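**Student:** What follows is upload_31.txt, compact mmCIF, C-alpha atoms.
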# COMPACT_ATOMS: atom_id res chain seq x y z
CA SER Z 201 -21.02 -6.43 -60.12
CA ALA Z 202 -24.32 -7.02 -58.37
CA ALA Z 203 -26.14 -3.95 -57.14
CA THR Z 204 -26.45 -4.41 -53.40
CA GLY Z 205 -27.62 -0.85 -52.85
CA ALA Z 206 -30.11 -0.57 -55.69
CA SER Z 207 -33.14 1.71 -55.45
CA ALA Z 208 -36.57 0.18 -54.99
CA GLY Z 209 -37.46 -1.99 -57.93
CA ALA Z 210 -33.97 -1.86 -59.45
CA ALA Z 211 -31.92 -4.98 -60.00
CA SER Z 212 -28.83 -6.21 -61.79
CA VAL Z 213 -27.11 -9.50 -62.49
CA SER Z 214 -23.39 -9.94 -61.88
CA PRO Z 215 -21.02 -11.97 -64.08
CA SER Z 216 -21.01 -14.62 -61.35
CA ARG Z 217 -24.81 -14.86 -61.74
CA SER Z 218 -25.54 -13.52 -58.27
CA PHE Z 219 -28.72 -11.50 -58.07
CA PHE Z 220 -29.45 -8.99 -55.34
CA PHE Z 221 -32.85 -7.32 -55.15
CA ASN Z 222 -32.78 -4.61 -52.52
CA ASP Z 223 -36.17 -3.07 -51.90
CA THR Z 224 -36.97 -0.97 -48.85
CA ALA Z 225 -40.63 -1.13 -49.85
CA THR Z 226 -41.08 -4.68 -48.62
CA THR Z 227 -42.76 -3.57 -45.40
CA GLU Z 228 -44.89 -1.03 -47.24
CA ILE Z 229 -47.20 -3.52 -48.88
CA TYR Z 230 -49.90 -1.69 -46.96
CA ALA Z 231 -49.07 1.63 -48.64
CA LEU Z 232 -52.38 1.65 -50.52
CA SER Z 233 -53.99 2.80 -47.28
CA LEU Z 234 -51.63 5.78 -46.98
CA PRO Z 235 -52.02 9.21 -48.60
CA ASP Z 236 -51.50 9.53 -52.35
CA ALA Z 237 -48.35 11.58 -51.77
CA LEU Z 238 -46.48 8.41 -50.81
CA PRO Z 239 -45.15 5.93 -53.38
CA ILE Z 240 -47.39 2.92 -53.77
CA PHE Z 241 -45.80 -0.52 -53.77
CA CYS Z 242 -47.83 -3.62 -54.49
CA VAL Z 243 -46.82 -7.04 -53.31
CA ILE Z 244 -48.24 -8.84 -56.36
CA PRO Z 245 -45.75 -7.56 -58.98
CA TYR Z 246 -43.01 -7.78 -56.34
CA ARG Z 247 -43.74 -11.48 -55.88
CA ARG Z 248 -43.97 -12.06 -59.63
CA LEU Z 249 -40.61 -10.38 -60.24
CA ILE Z 250 -38.92 -12.60 -57.67
CA GLU Z 251 -40.51 -15.69 -59.21
CA LYS Z 252 -39.21 -14.60 -62.64
CA VAL Z 253 -35.70 -14.09 -61.26
CA ARG Z 254 -35.65 -17.49 -59.60
CA ARG Z 255 -36.83 -19.21 -62.77
CA ALA Z 256 -34.06 -17.55 -64.78
CA LEU Z 257 -31.37 -17.88 -62.08
CA PRO Z 258 -32.06 -20.78 -59.70
CA ASP Z 259 -28.98 -19.90 -57.62
CA ALA Z 260 -29.94 -16.24 -57.28
CA ALA Z 261 -29.52 -14.58 -53.87
CA ILE Z 262 -32.25 -12.08 -53.05
CA ALA Z 263 -31.95 -9.63 -50.15
CA THR Z 264 -34.18 -6.89 -48.80
CA ASP Z 265 -34.35 -4.03 -46.29
CA ILE Z 266 -37.26 -3.92 -43.84
CA ILE Z 267 -38.34 -0.99 -41.67
CA VAL Z 268 -40.81 -1.80 -38.90
CA GLY Z 269 -42.99 0.72 -37.12
CA PHE Z 270 -43.55 3.13 -40.01
CA PRO Z 271 -46.19 5.73 -38.95
CA GLY Z 272 -49.61 4.15 -38.98
CA GLU Z 273 -48.38 0.57 -39.22
CA THR Z 274 -51.01 -1.64 -37.58
CA GLU Z 275 -50.46 -5.07 -36.07
CA SER Z 276 -52.28 -6.63 -39.02
CA GLN Z 277 -50.04 -4.82 -41.52
CA PHE Z 278 -46.95 -5.88 -39.61
CA MET Z 279 -48.10 -9.51 -39.73
CA ASP Z 280 -48.50 -9.15 -43.51
CA THR Z 281 -44.81 -8.23 -43.60
CA SER Z 282 -44.00 -11.28 -41.50
CA LYS Z 283 -45.99 -13.53 -43.83
CA LEU Z 284 -44.20 -12.10 -46.87
CA LEU Z 285 -40.80 -12.63 -45.24
CA ARG Z 286 -41.69 -16.27 -44.64
CA GLU Z 287 -43.08 -16.70 -48.15
CA ILE Z 288 -40.23 -15.13 -50.13
CA GLN Z 289 -37.47 -16.86 -48.12
CA PHE Z 290 -34.90 -14.08 -48.59
CA ASP Z 291 -31.21 -14.86 -48.45
CA MET Z 292 -30.76 -11.84 -46.18
CA ALA Z 293 -32.91 -9.09 -44.71
CA HIS Z 294 -31.64 -5.95 -43.00
CA ILE Z 295 -34.24 -5.06 -40.38
CA ALA Z 296 -34.47 -1.69 -38.63
CA LYS Z 297 -36.93 0.33 -36.57
CA TYR Z 298 -38.47 3.44 -38.10
CA SER Z 299 -37.19 6.71 -36.66
CA GLU Z 300 -37.91 10.25 -37.74
CA ARG Z 301 -35.29 11.94 -39.90
CA PRO Z 302 -35.35 15.72 -40.33
CA GLN Z 303 -36.47 17.09 -43.70
CA THR Z 304 -38.07 13.81 -44.79
CA LEU Z 305 -41.65 13.60 -46.01
CA ALA Z 306 -42.55 11.10 -43.32
CA ALA Z 307 -41.25 13.35 -40.52
CA GLN Z 308 -43.08 16.36 -41.90
CA ARG Z 309 -46.45 14.74 -42.51
CA TYR Z 310 -46.89 11.65 -40.36
CA PRO Z 311 -46.79 11.36 -36.57
CA ASP Z 312 -44.37 8.78 -35.19
CA ASP Z 313 -47.26 6.95 -33.54
CA VAL Z 314 -45.94 3.41 -33.08
CA PRO Z 315 -44.61 3.13 -29.50
CA PRO Z 316 -40.85 2.45 -29.15
CA GLU Z 317 -41.42 -0.78 -27.24
CA GLU Z 318 -43.73 -2.03 -30.02
CA LYS Z 319 -41.15 -1.19 -32.68
CA GLU Z 320 -38.52 -3.12 -30.76
CA TRP Z 321 -40.85 -6.11 -30.34
CA ARG Z 322 -41.54 -6.16 -34.07
CA ARG Z 323 -37.85 -5.87 -34.93
CA VAL Z 324 -36.92 -8.74 -32.61
CA PHE Z 325 -39.81 -10.84 -33.94
CA LEU Z 326 -38.63 -10.48 -37.55
CA GLU Z 327 -34.98 -11.03 -36.60
CA LYS Z 328 -35.95 -14.30 -34.93
CA GLN Z 329 -38.00 -15.29 -37.95
CA LEU Z 330 -35.13 -14.46 -40.30
CA ARG Z 331 -32.73 -16.54 -38.20
CA GLU Z 332 -35.08 -19.52 -38.45
CA ILE Z 333 -35.47 -19.10 -42.22
CA LEU Z 334 -31.73 -18.86 -42.85
CA THR Z 335 -30.93 -21.75 -40.54
CA GLU Z 336 -33.18 -23.99 -42.63
CA LYS Z 337 -31.95 -22.58 -45.96
CA HIS Z 338 -28.31 -23.14 -45.07
CA LYS Z 339 -28.62 -26.72 -43.76
CA PRO Z 340 -28.28 -28.24 -47.27
CA LEU Z 341 -25.01 -26.33 -47.76
CA GLN Z 342 -23.18 -28.43 -45.18
CA GLY Z 343 -20.78 -30.76 -46.97
CA ARG Z 344 -21.01 -28.84 -50.24
CA SER Z 345 -18.05 -27.28 -52.05
CA MET Z 346 -18.45 -23.54 -52.62
CA ASP Z 347 -16.54 -20.94 -54.63
CA VAL Z 348 -15.28 -18.21 -52.26
CA LEU Z 349 -13.52 -14.91 -52.98
CA VAL Z 350 -11.29 -14.19 -49.95
CA GLU Z 351 -11.60 -10.57 -48.83
CA SER Z 352 -9.98 -10.27 -45.41
CA ARG Z 353 -8.69 -11.99 -42.28
CA ASP Z 354 -10.02 -12.35 -38.75
CA GLU Z 355 -6.80 -11.96 -36.79
CA GLN Z 356 -8.40 -12.77 -33.42
CA LYS Z 357 -9.58 -16.19 -34.60
CA ASN Z 358 -6.68 -16.68 -37.01
CA ARG Z 359 -8.79 -17.41 -40.07
CA TRP Z 360 -9.55 -15.92 -43.47
CA TYR Z 361 -13.02 -15.12 -44.70
CA GLY Z 362 -14.71 -14.25 -47.94
CA ARG Z 363 -17.95 -14.32 -49.90
CA THR Z 364 -19.64 -16.77 -52.23
CA PRO Z 365 -21.17 -15.54 -55.53
CA GLN Z 366 -24.43 -15.33 -53.53
CA ASN Z 367 -22.75 -13.00 -50.99
CA LYS Z 368 -22.77 -15.58 -48.20
CA LEU Z 369 -20.05 -15.06 -45.58
CA VAL Z 370 -17.62 -17.99 -45.32
CA PHE Z 371 -14.85 -18.42 -42.72
CA ILE Z 372 -11.90 -20.60 -43.77
CA THR Z 373 -10.07 -22.70 -41.19
CA ASN Z 374 -6.95 -23.61 -43.20
CA GLY Z 375 -4.65 -22.31 -45.94
CA GLY Z 376 -1.81 -19.81 -46.23
CA HIS Z 377 -2.00 -16.25 -47.51
CA LEU Z 378 -5.34 -16.10 -49.33
CA LEU Z 379 -6.23 -12.42 -49.73
CA GLY Z 380 -7.84 -11.75 -53.08
CA ARG Z 381 -7.90 -15.38 -54.16
CA ARG Z 382 -10.80 -17.54 -55.24
CA VAL Z 383 -10.82 -20.85 -53.42
CA GLN Z 384 -13.00 -23.94 -53.27
CA VAL Z 385 -14.24 -24.43 -49.71
CA THR Z 386 -16.04 -27.47 -48.32
CA VAL Z 387 -18.61 -26.33 -45.76
CA ASP Z 388 -18.21 -28.05 -42.38
CA TRP Z 389 -20.70 -25.90 -40.46
CA ALA Z 390 -23.65 -23.86 -41.67
CA GLY Z 391 -25.25 -21.21 -39.46
CA PRO Z 392 -27.91 -18.62 -40.25
CA PHE Z 393 -25.51 -15.77 -41.00
CA SER Z 394 -22.20 -17.45 -41.86
CA LEU Z 395 -20.55 -20.67 -42.98
CA VAL Z 396 -17.31 -22.33 -41.87
CA GLY Z 397 -15.23 -24.65 -44.02
CA ARG Z 398 -11.89 -25.93 -45.33
CA ILE Z 399 -10.06 -25.29 -48.59
CA GLN Z 400 -10.07 -28.19 -51.03
CA ASP Z 401 -8.55 -26.50 -54.08
CA ARG Z 402 -6.94 -23.11 -54.58
CA VAL Z 403 -6.58 -21.06 -57.73
CA THR Z 404 -3.12 -20.07 -58.91
CA ASP Z 405 -1.63 -16.60 -58.55
CA SER Z 406 -2.20 -16.09 -62.29
CA LYS Z 407 -5.93 -16.12 -61.54
CA ARG Z 408 -5.65 -13.81 -58.58
CA ALA Z 409 -8.73 -11.61 -58.23
CA ASP Z 410 -8.75 -7.84 -58.60
CA LEU Z 411 -8.45 -6.63 -54.99
CA SER Z 412 -10.46 -3.52 -55.83
CA LEU Z 413 -13.50 -5.78 -55.92
CA VAL Z 414 -13.19 -6.64 -52.23
CA GLU Z 415 -12.20 -3.28 -50.79
Written as structure tokens, how would this file's structure read?

**Tutor:**
Amino acid sequence: SAATGASAGAASVSPSRSFFFNDTATTEIYALSLPDALPIFCVIPYRRLIEKVRRALPDAAIATDIIVGFPGETESQFMDTSKLLREIQFDMAHIAKYSERPQTLAAQRYPDDVPPEEKEWRRVFLEKQLREILTEKHKPLQGRSMDVLVESRDEQKNRWYGRTPQNKLVFITNGGHLLGRRVQVTVDWAGPFSLVGRIQDRVTDSKRADLSLVE
């Protein structure tokens, strides 16, 4: 299966041809200005790797983790992160504010010098940018048929939901008991963080998925 929690620079390709590249170094493209004790991540090979993946797997889904407000992060460095987010057009980004954690190198050596209100502003700024990116990326999905592995049910809204091979969340508005089944869903609505659609064709019980994959 795809490695959604891979270490920086690690990647794997799933049988369904999904590709997830998780790299917490995305916001540390400025690391060359930090002490030698810290890992150095360069945006140039990062960009080239993503280009190589997309050439090999046009339907690849690429995600990242971003931490804003790392000690010493300037406004200019933060805007570099914003530019990279816009350029790469990730399928998902998990954005968080930096906070000191005991026993870590950063906590021991670097003062937490970015004000809390600035960290929050930067987080909100990137979240808004991500929402805009995903809204545009998902518009072409409306009306398309997508393969979905059903993983659970939203009892409050009385609908099933699952994931596409690209890990996109899809809510299903019709159908019977679907847990663990792969279904073809036509997308009626496409938002930044989820899709909503109807089943067009359902696989038979003989092709029922291994439920361990969705637990």

**Student:** Around (-11.0, -18.7, -56.0) in the file's own coordinates, what residues are found within 6 Å if you use all atoms listed in the file, given back as a list in words?

**Tutor:**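 Applying the cut-off with all atoms listed in the file, one gets Val348, Leu349, Arg381, Arg382, Val383 and Val403 of chain Z.
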
**Student:** Would you mind listing what lies within 7 Å of Glu351 of chain Z as number ranges by chain, with all atoms listed in the file counted and same-chain residues fewer than 2 positions away left out?

**Tutor:** Z: 349, 361-362, 379-380, 414

**Student:** Just to confirm, what's the straight-line distance from atom CA of Lys252 of chain Z to atom CA of Glu287 of chain Z in Å (one decimal)?

**Tutor:** 15.1 Å

**Student:** Could you check how far atom CA of Ile250 of chain Z sits from atom CA of Asp265 of chain Z, in Å to one decimal?

**Tutor:**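 Atom-to-atom, atom CA of Ile250 of chain Z and atom CA of Asp265 of chain Z are spaced 15.0 Å apart.
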
**Student:** Please return as a VMD selection string every residue within 6 Å of (-8.4, -20.2, -44.8), taking into account all atoms listed in the file and the file's own coordinates.

**Tutor:** chain Z and resid 359 to 360 372 to 375

**Student:** Have a look at Z:Thr335, Z:Ser394, Z:Thr304, Z:Gln400 and name the one nearest to Gln289 of chain Z; count only C-alpha atoms.

**Tutor:** Z:Thr335

**Student:** Would you write out, as a tab-separated table, a table of all residues in segment 231-301 of chain Z that have an atom no more than 9 Å from an atom of segment 308-327 of chain Z, listing for each the closest atom pair and the distance in Å to one decimal, considering all atoms listed in the file and ordering rows by chain and rising residue number?

**Tutor:**
residue	atom	partner	partner_atom	distance
Z:Ile267	CA	Z:Arg323	CA	8.3
Z:Val268	CA	Z:Lys319	CA	6.3
Z:Gly269	CA	Z:Lys319	CA	5.2
Z:Phe270	CA	Z:Val314	CA	7.3
Z:Pro271	CA	Z:Asp312	CA	5.2
Z:Gly272	CA	Z:Asp313	CA	6.6
Z:Glu273	CA	Z:Val314	CA	7.2
Z:Thr274	CA	Z:Val314	CA	8.5
Z:Phe278	CA	Z:Arg322	CA	7.7
Z:Thr281	CA	Z:Leu326	CA	8.9
Z:Ser282	CA	Z:Leu326	CA	6.7
Z:Leu285	CA	Z:Leu326	CA	8.3
Z:Ala293	CA	Z:Glu327	CA	8.6
Z:His294	CA	Z:Glu327	CA	8.8
Z:Ile295	CA	Z:Arg323	CA	6.6
Z:Ala296	CA	Z:Arg323	CA	6.5
Z:Lys297	CA	Z:Lys319	CA	5.9
Z:Tyr298	CA	Z:Lys319	CA	7.6
Z:Ser299	CA	Z:Asp312	CA	7.6
Z:Glu300	CA	Z:Asp312	CA	7.1

**Student:** Nearest to Leu330 of chain Z: which of Z:Gly397, Z:Gly391, Z:Gly343, Z:Pro302 is it, counting all atoms listed in the file?

**Tutor:** Z:Gly391
